[in-house]
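Visitor: Before I ask anything, here is the structure I am working with.
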Protein chains: 2
Amino acid sequence: MRAEIIAVGSELLLGDIVNTNASWLSEQLAVIGVDVFHHVSVGDNPARIQKVIEQAIERADVLIFTGGLGPTQDDLTVETIADYFKVPLISDPESERMIEAFFIARGMTHAKSNLKQALRPADAQVIANPIGTAPGICWDVSEKTGRETFILTFPGVPRELYQMWGYGKRFIQEKQQERGEQHQMLVSSSLHFFGIGESTLGEELADLMESSNPTVAPYVGRSEVRVRLAAKANTEADALALIQPIKSEIAQRLKPFYFGEGDEASLEESVAVLLLEQGLRVSTAESCTGGLVSSRLTDVSGSSEYTTLNVVTYSNEEKMKVLGVSVETLEQHGAVSPQTAQEMAEGIRRLSGADIGLSMTGIAGPTGGNEEKPVGLVYMGLSGPINSEGQDTRKTIVKKIMVNRNYKRMDIKYWFSQYALHYLRHYLLGTLRADEDSCELKPSASPVSNN
Amino acid sequence: MRAEIIAVGSELLLGDIVNTNASWLSEQLAVIGVDVFHHVSVGDNPARIQKVIEQAIERADVLIFTGGLGPTQDDLTVETIADYFKVPLISDPESERMIEAFFIARGMTHAKSNLKQALRPADAQVIANPIGTAPGICWDVSEKTGRETFILTFPGVPRELYQMWGYGKRFIQEKQQERGEQHQMLVSSSLHFFGIGESTLGEELADLMESSNPTVAPYVGRSEVRVRLAAKANTEADALALIQPIKSEIAQRLKPFYFGEGDEASLEESVAVLLLEQGLRVSTAESCTGGLVSSRLTDVSGSSEYTTLNVVTYSNEEKMKVLGVSVETLEQHGAVSPQTAQEMAEGIRRLSGADIGLSMTGIAGPTGGNEEKPVGLVYMGLSGPINSEGQDTRKTIVKKIMVNRNYKRMDIKYWFSQYALHYLRHYLLGTLRADEDSCELKPSASPVSNN
């Protein structure tokens, strides 16, 4: 079965909003084995909408409309579709009742224009809208087109579409069954990686990327790389069974970089799991990241179990006063130096009594950089009871990172925070190593008194 | 002149990526007076791309393609366009040279497939790509279609498109001039508001929203409301002159809520300007926001001028130890209380010596709430030398806020941070008032010793 997604609304063509509904629906349709060959956006203009309907009927079986279901005069989707098929509209009593209830629940009286939203072709089914006043329709117009044609309409507001999609999906699946269509489900999964570039990852997985079921496709996310696995099969279980061995193989092959699966996966989430498992607490001492690492650590519900005190010391004075960084270190090596990162990490651990101290000091730009210490440079310190060999030596590991200096300040901050969480994760996994670009420092002058 | 924007790429139809290019280009085209009537997305399939070209030529003068310019076999845009017009491709020597230079600069050798990217129809102009290997083309095919038809191609990577658009824009503007088209420019501007809902704002501006030039349209942004002003005129200056008085009127009418104009406007930016103007420093003591307010304050370049020490005290113990919140306050009123917010704000001001102490203590959820103190509740304390009447009384103002408890944790944190910055802004403007829902507290037991 083939679908075409038609977005109606002049605001799309003016560039006021981005059509996220088209990609969301495409993903949903792929899951139930419906191919999407075209997305079209058209303005609130009956003649142009009708022409789009005519073209879509020629090349698709399912026409999915989003937008143009509002109460105002320029919301024309249902009327125009009905006009195209020369079918009158009737008012749906249940929709009328729901629209009235919507306003009563909010202590308001509805406008006359809202009742326009209850209109539907007589033989169309209504898709109730649980959170808004615009119901959708599912309509089988096959008798009118002389081929199999199904029309679905949804509001343009994404969260309303998401709530209403289930009904539309079942309608399409029933039609697939009626047609006896042996449709295949597409099940997909995204794996998340950090610390490896897209091209290197592509080389590592080159052999797997030749697979056609599941397909294996790397792509770039926000300061991370992802691999999309997508399998087609008759049942979801069969598709998952195709994905599973490849997923395990990839996770194994790229173990140091793989941190999670699915839309919700994040480095903070994976770090949270490890901290809770190991019963450890972390405290951060941030300079250039300004609190972003702390904020991300506390984006996870239940974070008070593993982080209780974090500080942002932007000035040298505060680094000395609050964290006990020595004046000599700052004078000899500067605020952006491995030595300062070390003393910050040890200082926050001492101050908080946490198991792990994590520090960042660097240059987020766009100003403040120079040739020796450019924008994009950051040192991160990890101080904990356990060193990279698993022994309690109270060493602090400092990592040096260079991020592309041409990124925007906020993007540089975000990259820094990704590295901080990445190293914290490796610390917790026991795989954090001092490498060429970093240094594993001796205990500093200020002893870590806690723990 | 009418344009149609055609995105090529199967990844769009699988829902892997959102077509942000279409809305970005639409905005750019509106500015130079080109109408956009359709967006179309189509897969990497020559027959379907050719059919889309055929339909677009019938209804548009300018066809703008994005995507499908890559080096691999499934990148077909230029080849398919040339095939449609039955025109052979030649290799552009300058493009070849730039592609080779691109790889040499990176210490790599280019693949043969990259040279495919240098191909163009003989009479097309090349749009150089300064940051990638895929050049675009501008091509006048009017002689072939028997009407005025211009074809432009751009890479699908947004940042490459943005860099290359200027050339395409000039090409279109030259064609407009050749046609002697009296095109009108559309100039738009977005005003940003916080602390007022979309419907209330709509009521306040109801009379202005009847204007047709400029149009005045409120819409919802991320935890804020925006008003889009868009004016058409023959010149940019004329359009701006139409916008200016309405903008001033709106800014005046909604003064307490209006904080900035344009894509880059943010509460942190507007707060930064005020702090720098007044030469004041702020320090934050965060609980439920976990460092987000600190991170946002430091998203602004030069923030070290106005914030040097911020802390996140998640536990009661740290609130006592670091900020000097009293055990009696925590026992009697709890961590989420106006009293704790007050002592946190005064404590961070004392610790940092900053002019202003700003605190947040609340419940970001999804767990931790109860009937008396539900998820979404937050108290914010503002401690400074100046009270709401402009006198130095060292009072602390505490505000109580309830955010929709059904939002996700991260959204609740963001709303909290919006309120914190909003109140800080009003503090700096001298318009922060204790209101029914909040309290203006007497100086607490711990005197503010600094300042």
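Residues in the structure tokens are numbered from 1 in each chain, the chains being A, B, ... in the order shown, and ligands are numbered from 1 in the order shown.
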Using every C-alpha atom paired in order, could you least-squares fit chain B onto chain A and give me the moved chain as a short mmCIF file (atom, residue, chain, number, x, y, z; two decimals) with C-alpha atoms, in the first residue's frame?

Guide:
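Resulting contents of out.cif:
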```cif
data_model
loop_
_atom_site.label_atom_id
_atom_site.label_comp_id
_atom_site.auth_asym_id
_atom_site.auth_seq_id
_atom_site.Cartn_x
_atom_site.Cartn_y
_atom_site.Cartn_z
CA MET B 1 -0.30 -0.15 0.05
CA ARG B 2 0.99 3.28 -0.86
CA ALA B 3 0.40 6.48 1.04
CA GLU B 4 0.85 10.14 0.24
CA ILE B 5 1.14 12.69 3.01
CA ILE B 6 -0.46 16.04 2.26
CA ALA B 7 0.16 18.98 4.57
CA VAL B 8 -2.26 21.89 4.20
CA GLY B 9 -1.36 25.37 5.39
CA SER B 10 0.07 28.57 3.96
CA GLU B 11 2.30 28.94 7.03
CA LEU B 12 4.31 25.94 5.72
CA LEU B 13 4.88 27.67 2.39
CA LEU B 14 5.97 30.89 4.07
CA GLY B 15 8.56 28.95 6.03
CA ASP B 16 7.00 29.78 9.38
CA ILE B 17 6.89 26.16 10.47
CA VAL B 18 8.75 22.99 9.58
CA ASN B 19 6.70 20.00 8.47
CA THR B 20 7.79 17.51 11.11
CA ASN B 21 4.46 15.68 10.77
CA ALA B 22 5.44 14.29 7.36
CA SER B 23 8.55 12.55 8.68
CA TRP B 24 6.80 11.35 11.82
CA LEU B 25 3.91 9.85 9.83
CA SER B 26 6.35 8.29 7.35
CA GLU B 27 8.06 6.46 10.16
CA GLN B 28 4.74 5.25 11.55
CA LEU B 29 3.59 4.06 8.13
CA ALA B 30 6.83 2.19 7.47
CA VAL B 31 6.25 0.24 10.67
CA ILE B 32 2.94 -1.12 9.36
CA GLY B 33 4.31 -1.82 5.90
CA VAL B 34 2.80 1.12 4.04
CA ASP B 35 5.11 2.71 1.44
CA VAL B 36 5.28 6.49 1.21
CA PHE B 37 6.23 7.81 -2.23
CA HIS B 38 5.37 11.50 -1.92
CA HIS B 39 5.03 14.30 0.61
CA VAL B 40 3.23 17.41 -0.60
CA SER B 41 2.61 20.73 1.13
CA VAL B 42 -0.04 23.04 -0.27
CA GLY B 43 -1.55 26.34 0.89
CA ASP B 44 -5.06 27.08 2.15
CA ASN B 45 -6.45 27.35 -1.37
CA PRO B 46 -9.38 25.12 -2.43
CA ALA B 47 -8.45 24.92 -6.13
CA ARG B 48 -4.85 23.95 -5.42
CA ILE B 49 -5.87 21.48 -2.71
CA GLN B 50 -8.31 19.81 -5.15
CA LYS B 51 -5.59 19.50 -7.80
CA VAL B 52 -3.30 17.91 -5.21
CA ILE B 53 -6.06 15.43 -4.30
CA GLU B 54 -6.51 14.54 -7.97
CA GLN B 55 -2.79 13.82 -8.43
CA ALA B 56 -2.51 11.90 -5.16
CA ILE B 57 -5.43 9.59 -6.01
CA GLU B 58 -3.58 8.58 -9.18
CA ARG B 59 -0.46 7.48 -7.34
CA ALA B 60 -1.50 6.47 -3.80
CA ASP B 61 -4.12 4.38 -2.00
CA VAL B 62 -4.06 6.26 1.29
CA LEU B 63 -4.16 10.06 1.40
CA ILE B 64 -3.20 11.41 4.79
CA PHE B 65 -3.92 15.10 5.37
CA THR B 66 -2.47 17.14 8.20
CA GLY B 67 -3.56 20.68 9.03
CA GLY B 68 -6.42 22.91 7.99
CA LEU B 69 -8.88 21.53 10.56
CA GLY B 70 -9.02 24.65 12.72
CA PRO B 71 -12.07 26.81 13.43
CA THR B 72 -11.19 29.77 11.22
CA GLN B 73 -12.25 30.58 7.69
CA ASP B 74 -8.92 29.64 6.16
CA ASP B 75 -9.11 26.09 7.56
CA LEU B 76 -10.52 24.28 4.57
CA THR B 77 -9.29 20.71 4.47
CA VAL B 78 -12.49 18.75 5.21
CA GLU B 79 -14.76 21.11 3.19
CA THR B 80 -12.46 20.92 0.19
CA ILE B 81 -12.18 17.13 0.27
CA ALA B 82 -15.98 16.84 0.49
CA ASP B 83 -16.36 19.32 -2.38
CA TYR B 84 -13.93 17.29 -4.47
CA PHE B 85 -16.12 14.21 -4.08
CA LYS B 86 -19.31 16.30 -4.29
CA VAL B 87 -20.51 15.01 -0.93
CA PRO B 88 -22.35 17.20 1.62
CA LEU B 89 -21.13 17.55 5.21
CA ILE B 90 -23.17 16.69 8.27
CA SER B 91 -22.47 17.71 11.83
CA ASP B 92 -21.24 14.84 14.01
CA PRO B 93 -23.20 14.91 17.31
CA GLU B 94 -20.42 13.20 19.28
CA SER B 95 -17.85 15.70 17.99
CA GLU B 96 -20.17 18.58 18.88
CA ARG B 97 -20.50 17.20 22.37
CA MET B 98 -16.72 16.83 22.75
CA ILE B 99 -16.05 20.35 21.50
CA GLU B 100 -18.58 21.75 23.99
CA ALA B 101 -17.05 19.66 26.79
CA PHE B 102 -13.60 20.95 25.84
CA PHE B 103 -14.68 24.55 26.44
CA ILE B 104 -16.77 23.82 29.52
CA ALA B 105 -13.77 22.09 31.13
CA ARG B 106 -11.83 25.31 30.62
CA GLY B 107 -14.56 27.54 31.95
CA MET B 108 -15.05 29.08 28.53
CA THR B 109 -17.88 29.21 26.06
CA HIS B 110 -17.08 27.99 22.58
CA ALA B 111 -17.28 30.19 19.55
CA LYS B 112 -19.76 29.33 16.79
CA SER B 113 -16.79 28.77 14.52
CA ASN B 114 -15.71 25.80 16.64
CA LEU B 115 -18.84 23.88 15.70
CA LYS B 116 -17.64 23.93 12.10
CA GLN B 117 -15.00 21.48 13.34
CA ALA B 118 -17.69 18.85 13.99
CA LEU B 119 -18.55 18.59 10.28
CA ARG B 120 -17.83 15.37 8.39
CA PRO B 121 -19.02 13.50 5.27
CA ALA B 122 -21.96 11.26 6.29
CA ASP B 123 -20.17 7.96 5.67
CA ALA B 124 -16.81 8.97 7.22
CA GLN B 125 -15.68 7.78 10.65
CA VAL B 126 -14.57 10.33 13.21
CA ILE B 127 -11.17 10.25 14.92
CA ALA B 128 -11.77 11.85 18.30
CA ASN B 129 -9.27 14.47 19.46
CA PRO B 130 -8.67 13.99 23.19
CA ILE B 131 -6.67 17.19 23.67
CA GLY B 132 -8.04 19.67 21.13
CA THR B 133 -11.18 20.72 19.29
CA ALA B 134 -10.33 19.38 15.82
CA PRO B 135 -11.45 15.78 15.23
CA GLY B 136 -10.07 13.88 12.24
CA ILE B 137 -11.80 11.56 9.81
CA CYS B 138 -11.19 8.15 8.21
CA TRP B 139 -13.09 7.84 4.98
CA ASP B 140 -13.24 5.05 2.41
CA VAL B 141 -13.91 6.73 -0.97
CA SER B 142 -13.12 3.68 -3.11
CA GLU B 143 -16.60 3.63 -4.65
CA LYS B 144 -16.14 7.23 -5.75
CA THR B 145 -12.68 6.83 -7.28
CA GLY B 146 -13.21 3.41 -8.83
CA ARG B 147 -10.06 2.13 -7.14
CA GLU B 148 -9.12 1.66 -3.51
CA THR B 149 -8.73 5.09 -1.94
CA PHE B 150 -8.77 5.92 1.75
CA ILE B 151 -8.67 9.41 3.17
CA LEU B 152 -7.53 10.32 6.67
CA THR B 153 -7.32 13.80 8.17
CA PHE B 154 -5.42 14.92 11.27
CA PRO B 155 -4.79 18.31 12.90
CA GLY B 156 -1.51 20.01 12.13
CA VAL B 157 -0.58 20.34 15.81
CA PRO B 158 1.95 17.51 16.28
CA ARG B 159 0.95 16.47 19.81
CA GLU B 160 -2.68 16.13 18.70
CA LEU B 161 -1.67 14.06 15.68
CA TYR B 162 0.44 11.77 17.89
CA GLN B 163 -2.50 11.11 20.20
CA MET B 164 -4.91 10.45 17.34
CA TRP B 165 -2.69 8.34 15.09
CA GLY B 166 -3.56 5.01 16.77
CA TYR B 167 -7.12 5.15 15.43
CA GLY B 168 -5.95 5.95 11.91
CA LYS B 169 -3.38 3.18 12.07
CA ARG B 170 -6.01 0.60 12.98
CA PHE B 171 -8.23 1.85 10.15
CA ILE B 172 -5.38 1.33 7.67
CA GLN B 173 -4.51 -2.07 9.10
CA GLU B 174 -8.13 -3.19 8.72
CA LYS B 175 -8.04 -2.13 5.08
CA GLN B 176 -4.80 -4.05 4.61
CA GLN B 177 -6.49 -7.15 6.02
CA GLU B 178 -9.60 -6.70 3.86
CA ARG B 179 -7.32 -6.54 0.84
CA GLY B 180 -5.56 -9.66 2.09
CA GLU B 181 -2.36 -7.70 1.68
CA GLN B 182 0.71 -9.62 2.74
CA HIS B 183 2.34 -6.47 4.02
CA GLN B 184 5.70 -6.53 5.65
CA MET B 185 6.42 -4.57 8.78
CA LEU B 186 9.45 -2.35 8.93
CA VAL B 187 10.96 -2.25 12.39
CA SER B 188 13.82 0.11 13.02
CA SER B 189 16.15 0.91 15.86
CA SER B 190 18.74 3.62 16.37
CA LEU B 191 22.01 2.90 18.16
CA HIS B 192 23.91 5.86 19.66
CA PHE B 193 27.70 6.32 19.71
CA PHE B 194 30.07 8.93 21.03
CA GLY B 195 33.83 9.27 20.61
CA ILE B 196 33.98 7.92 17.05
CA GLY B 197 33.45 9.80 13.78
CA GLU B 198 30.89 8.82 11.15
CA SER B 199 33.51 7.80 8.58
CA THR B 200 35.54 5.65 11.00
CA LEU B 201 32.36 4.04 12.21
CA GLY B 202 31.38 3.43 8.59
CA GLU B 203 34.70 1.67 7.95
CA GLU B 204 34.32 -0.50 11.05
CA LEU B 205 30.85 -1.58 9.92
CA ALA B 206 31.55 -1.72 6.16
CA ASP B 207 30.79 -5.47 5.92
CA LEU B 208 27.55 -5.14 7.88
CA MET B 209 26.43 -2.18 5.78
CA GLU B 210 26.17 -4.52 2.78
CA SER B 211 23.26 -6.26 4.46
CA SER B 212 19.90 -5.48 2.87
CA ASN B 213 17.68 -6.85 5.64
CA PRO B 214 18.26 -5.37 8.12
CA THR B 215 19.77 -2.31 6.52
CA VAL B 216 22.60 -0.72 8.48
CA ALA B 217 22.96 3.04 7.97
CA PRO B 218 25.18 5.40 9.98
CA TYR B 219 24.17 9.03 10.28
CA VAL B 220 25.12 12.04 12.33
CA GLY B 221 23.06 13.13 15.35
CA ARG B 222 23.63 16.07 17.71
CA SER B 223 27.28 15.74 18.74
CA GLU B 224 27.04 11.98 18.33
CA VAL B 225 26.86 9.34 15.61
CA ARG B 226 23.92 7.00 15.14
CA VAL B 227 23.37 3.76 13.30
CA ARG B 228 19.89 2.99 12.05
CA LEU B 229 18.98 -0.68 11.76
CA ALA B 230 15.80 -1.40 9.82
CA ALA B 231 14.38 -4.85 9.14
CA LYS B 232 11.36 -5.95 7.12
CA ALA B 233 9.45 -9.07 8.08
CA ASN B 234 5.90 -10.39 8.33
CA THR B 235 5.73 -9.83 12.05
CA GLU B 236 7.36 -7.44 14.47
CA ALA B 237 8.95 -10.39 16.27
CA ASP B 238 10.51 -11.67 13.03
CA ALA B 239 11.86 -8.20 12.26
CA LEU B 240 13.33 -7.86 15.73
CA ALA B 241 14.91 -11.30 15.35
CA LEU B 242 16.65 -10.07 12.20
CA ILE B 243 17.89 -6.94 13.97
CA GLN B 244 19.06 -8.58 17.18
CA PRO B 245 22.26 -10.38 16.04
CA ILE B 246 23.47 -7.39 14.00
CA LYS B 247 22.78 -5.09 16.90
CA SER B 248 24.78 -7.28 19.26
CA GLU B 249 27.62 -7.52 16.76
CA ILE B 250 27.75 -3.72 16.35
CA ALA B 251 27.47 -3.07 20.08
CA GLN B 252 30.32 -5.54 20.66
CA ARG B 253 32.54 -4.23 17.88
CA LEU B 254 32.14 -0.59 18.92
CA LYS B 255 31.76 -1.20 22.62
CA PRO B 256 33.78 1.80 23.89
CA PHE B 257 31.56 4.17 21.90
CA TYR B 258 28.10 2.59 22.11
CA PHE B 259 25.94 4.11 24.84
CA GLY B 260 22.32 3.39 24.10
CA GLU B 261 19.42 2.55 21.84
CA GLY B 262 16.24 4.37 20.89
CA ASP B 263 15.02 7.95 20.78
CA GLU B 264 15.48 8.51 24.51
CA ALA B 265 19.07 7.27 24.70
CA SER B 266 21.54 9.83 26.00
CA LEU B 267 24.92 9.84 27.68
CA GLU B 268 23.37 11.28 30.86
CA GLU B 269 20.86 8.42 30.92
CA SER B 270 23.61 5.79 30.51
CA VAL B 271 25.73 7.48 33.18
CA ALA B 272 22.72 7.62 35.54
CA VAL B 273 22.17 3.87 35.19
CA LEU B 274 25.82 3.16 36.04
CA LEU B 275 25.88 5.55 39.01
CA LEU B 276 22.72 4.02 40.47
CA GLU B 277 23.97 0.46 39.90
CA GLN B 278 27.24 1.22 41.62
CA GLY B 279 25.70 3.40 44.33
CA LEU B 280 28.11 6.23 43.58
CA ARG B 281 27.63 9.98 43.73
CA VAL B 282 29.25 12.53 41.44
CA SER B 283 29.80 16.26 41.90
CA THR B 284 30.77 18.63 39.14
CA ALA B 285 32.97 21.72 39.16
CA GLU B 286 32.41 23.54 35.89
CA SER B 287 34.00 26.57 34.37
CA CYS B 288 33.54 26.88 30.59
CA THR B 289 30.43 24.66 30.48
CA GLY B 290 28.68 26.98 32.91
CA GLY B 291 26.42 24.38 34.54
CA LEU B 292 25.46 22.44 31.42
CA VAL B 293 26.93 19.15 32.68
CA SER B 294 25.12 19.58 35.98
CA SER B 295 21.90 20.38 34.16
CA ARG B 296 22.22 17.31 31.95
CA LEU B 297 22.99 15.04 34.91
CA THR B 298 19.78 16.30 36.52
CA ASP B 299 17.69 15.88 33.38
CA VAL B 300 17.27 12.28 34.47
CA SER B 301 14.43 11.67 36.91
CA GLY B 302 15.77 10.48 40.24
CA SER B 303 19.08 12.26 39.82
CA SER B 304 19.04 13.41 43.43
CA GLU B 305 20.23 9.86 44.23
CA TYR B 306 23.59 10.43 42.58
CA THR B 307 24.28 14.16 42.48
CA THR B 308 23.65 16.59 45.33
CA LEU B 309 26.09 19.47 44.94
CA ASN B 310 27.54 20.99 41.80
CA VAL B 311 29.26 24.31 41.37
CA VAL B 312 30.09 26.67 38.55
CA THR B 313 33.26 28.63 39.27
CA TYR B 314 33.81 31.02 36.43
CA SER B 315 36.46 33.25 37.98
CA ASN B 316 39.91 32.37 39.35
CA GLU B 317 38.87 33.84 42.66
CA GLU B 318 35.96 31.42 43.01
CA LYS B 319 38.11 28.50 41.91
CA MET B 320 40.43 29.31 44.81
CA LYS B 321 37.80 30.26 47.37
CA VAL B 322 35.25 27.52 46.76
CA LEU B 323 37.35 24.68 45.35
CA GLY B 324 40.73 25.35 46.94
CA VAL B 325 42.63 25.62 43.67
CA SER B 326 46.03 27.04 44.62
CA VAL B 327 47.16 30.48 43.58
CA GLU B 328 50.47 28.95 42.42
CA THR B 329 48.68 26.60 40.02
CA LEU B 330 46.64 29.43 38.56
CA GLU B 331 49.66 31.71 38.26
CA GLN B 332 52.02 29.08 36.84
CA HIS B 333 49.69 27.15 34.57
CA GLY B 334 46.60 29.34 34.14
CA ALA B 335 42.92 28.55 34.64
CA VAL B 336 42.81 26.42 31.50
CA SER B 337 45.40 23.78 32.36
CA PRO B 338 45.54 20.13 33.40
CA GLN B 339 46.72 21.19 36.84
CA THR B 340 43.71 23.45 37.42
CA ALA B 341 41.36 20.75 36.12
CA GLN B 342 42.91 18.32 38.61
CA GLU B 343 42.59 20.65 41.57
CA MET B 344 39.01 21.56 40.63
CA ALA B 345 38.02 17.87 40.45
CA GLU B 346 39.66 17.13 43.78
CA GLY B 347 38.27 20.30 45.33
CA ILE B 348 34.64 19.58 44.47
CA ARG B 349 35.01 16.02 45.70
CA ARG B 350 36.39 17.34 48.98
CA LEU B 351 33.64 19.98 49.27
CA SER B 352 30.75 17.65 48.48
CA GLY B 353 31.98 14.38 49.87
CA ALA B 354 30.87 12.75 46.61
CA ASP B 355 32.61 9.61 45.35
CA ILE B 356 33.63 11.23 42.11
CA GLY B 357 34.66 14.79 41.30
CA LEU B 358 34.32 15.87 37.68
CA SER B 359 35.74 19.16 36.45
CA MET B 360 35.91 21.11 33.21
CA THR B 361 38.01 24.15 32.43
CA GLY B 362 38.39 25.41 28.88
CA ILE B 363 37.52 28.04 26.33
CA ALA B 364 34.04 27.99 24.79
CA GLY B 365 34.70 31.11 22.72
CA PRO B 366 34.16 32.99 20.56
CA THR B 367 36.60 35.23 22.48
CA GLY B 368 39.22 34.34 25.08
CA GLY B 369 41.37 32.03 22.97
CA ASN B 370 44.98 32.47 21.90
CA GLU B 371 47.50 30.47 19.91
CA GLU B 372 48.63 28.39 22.85
CA LYS B 373 45.16 27.90 24.30
CA PRO B 374 42.66 28.22 21.47
CA VAL B 375 38.87 28.30 21.52
CA GLY B 376 37.68 24.69 21.69
CA LEU B 377 40.33 23.54 24.18
CA VAL B 378 39.14 21.96 27.41
CA TYR B 379 40.70 19.97 30.23
CA MET B 380 38.55 17.62 32.22
CA GLY B 381 39.50 16.16 35.57
CA LEU B 382 38.09 12.97 37.07
CA SER B 383 38.91 12.40 40.71
CA GLY B 384 37.76 9.25 42.38
CA PRO B 385 38.76 6.50 44.72
CA ILE B 386 39.42 4.06 41.91
CA ASN B 387 42.11 4.45 39.26
CA SER B 388 42.10 3.06 35.76
CA GLU B 389 43.43 -0.33 36.96
CA GLY B 390 40.64 -0.69 39.47
CA GLN B 391 42.89 0.11 42.41
CA ASP B 392 42.21 2.75 45.01
CA THR B 393 45.12 5.07 44.49
CA ARG B 394 43.24 8.35 44.66
CA LYS B 395 44.79 9.44 41.43
CA THR B 396 43.07 11.99 39.28
CA ILE B 397 42.89 11.50 35.53
CA VAL B 398 42.89 14.59 33.37
CA LYS B 399 41.81 14.45 29.72
CA LYS B 400 42.57 17.10 27.13
CA ILE B 401 40.08 17.69 24.34
CA MET B 402 40.04 19.95 21.32
CA VAL B 403 36.71 20.70 19.73
CA ASN B 404 36.36 22.43 16.34
CA ARG B 405 36.88 26.09 17.17
CA ASN B 406 34.57 27.17 14.35
CA TYR B 407 31.51 25.82 16.10
CA LYS B 408 29.22 28.24 17.85
CA ARG B 409 29.73 28.83 21.58
CA MET B 410 26.64 26.83 22.51
CA ASP B 411 27.70 23.90 20.34
CA ILE B 412 31.19 23.95 21.83
CA LYS B 413 29.66 23.86 25.32
CA TYR B 414 27.53 20.92 24.27
CA TRP B 415 30.51 19.02 22.82
CA PHE B 416 32.42 19.64 26.05
CA SER B 417 29.49 18.25 28.03
CA GLN B 418 29.36 15.18 25.78
CA TYR B 419 33.03 14.46 26.46
CA ALA B 420 32.57 15.00 30.19
CA LEU B 421 29.73 12.48 30.33
CA HIS B 422 31.60 10.11 27.99
CA TYR B 423 34.65 10.07 30.29
CA LEU B 424 32.51 9.74 33.37
CA ARG B 425 30.88 6.74 31.73
CA HIS B 426 34.27 5.17 31.03
CA TYR B 427 35.37 5.90 34.55
CA LEU B 428 32.33 4.01 35.82
CA LEU B 429 32.96 1.16 33.38
CA GLY B 430 36.57 0.97 34.57
CA THR B 431 37.85 1.74 31.06
CA LEU B 432 39.03 5.33 31.46
CA ARG B 433 42.67 5.54 30.47
CA ALA B 434 45.09 8.42 30.53
CA ASP B 435 46.26 8.71 26.93
CA GLU B 436 48.87 10.60 24.93
CA ASP B 437 46.74 13.70 24.85
CA SER B 438 46.04 13.71 28.54
CA CYS B 439 47.83 13.01 31.76
CA GLU B 440 47.32 10.87 34.82
CA LEU B 441 48.42 13.09 37.64
CA LYS B 442 49.81 12.36 41.02
CA PRO B 443 47.68 13.33 44.00
CA SER B 444 47.81 17.09 44.32
CA ALA B 445 48.90 19.13 47.28
CA SER B 446 45.38 19.28 48.68
CA PRO B 447 44.56 15.79 49.91
CA VAL B 448 41.15 14.37 49.20
CA SER B 449 39.82 14.07 52.68
CA ASN B 450 36.44 12.51 52.09
CA ASN B 451 35.89 8.83 51.33
#
```

Visitor: Just asking: which residues within region 73-113 of chain A are alpha helix (DSSP H) according to DSSP, as a PyMOL selection string?

Guide: chain A and resi 77-84+93-105+112-113

Visitor: DSSP on the backbone: what in region 214-281 of chain B comes out strand (DSSP E or B), as a PyMOL selection string?

Guide: chain B and resi 215-221+224-233+258-261

Visitor: Store the residues picked out above in a file with C-alpha atoms, as a compact mmCIF listing (two decimals), in the first residue's frame.

Guide:
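File produced: result-v2.txt:
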```
# COMPACT_ATOMS: atom_id res chain seq x y z
CA THR B 215 0.24 41.18 9.45
CA VAL B 216 0.34 40.55 13.19
CA ALA B 217 0.27 36.86 14.17
CA PRO B 218 0.89 35.42 17.64
CA TYR B 219 2.24 31.91 17.94
CA VAL B 220 3.74 29.70 20.61
CA GLY B 221 7.51 29.21 20.91
CA GLU B 224 7.34 31.61 25.41
CA VAL B 225 4.91 33.38 23.09
CA ARG B 226 5.95 35.12 19.89
CA VAL B 227 4.35 37.66 17.60
CA ARG B 228 5.31 37.62 13.95
CA LEU B 229 5.10 40.93 12.12
CA ALA B 230 5.34 40.69 8.35
CA ALA B 231 5.15 43.63 5.94
CA LYS B 232 5.18 43.76 2.16
CA ALA B 233 6.63 46.75 0.35
CA TYR B 258 8.35 41.73 25.90
CA PHE B 259 12.01 40.74 26.07
CA GLY B 260 13.47 40.77 22.60
CA GLU B 261 13.27 40.61 18.84
```
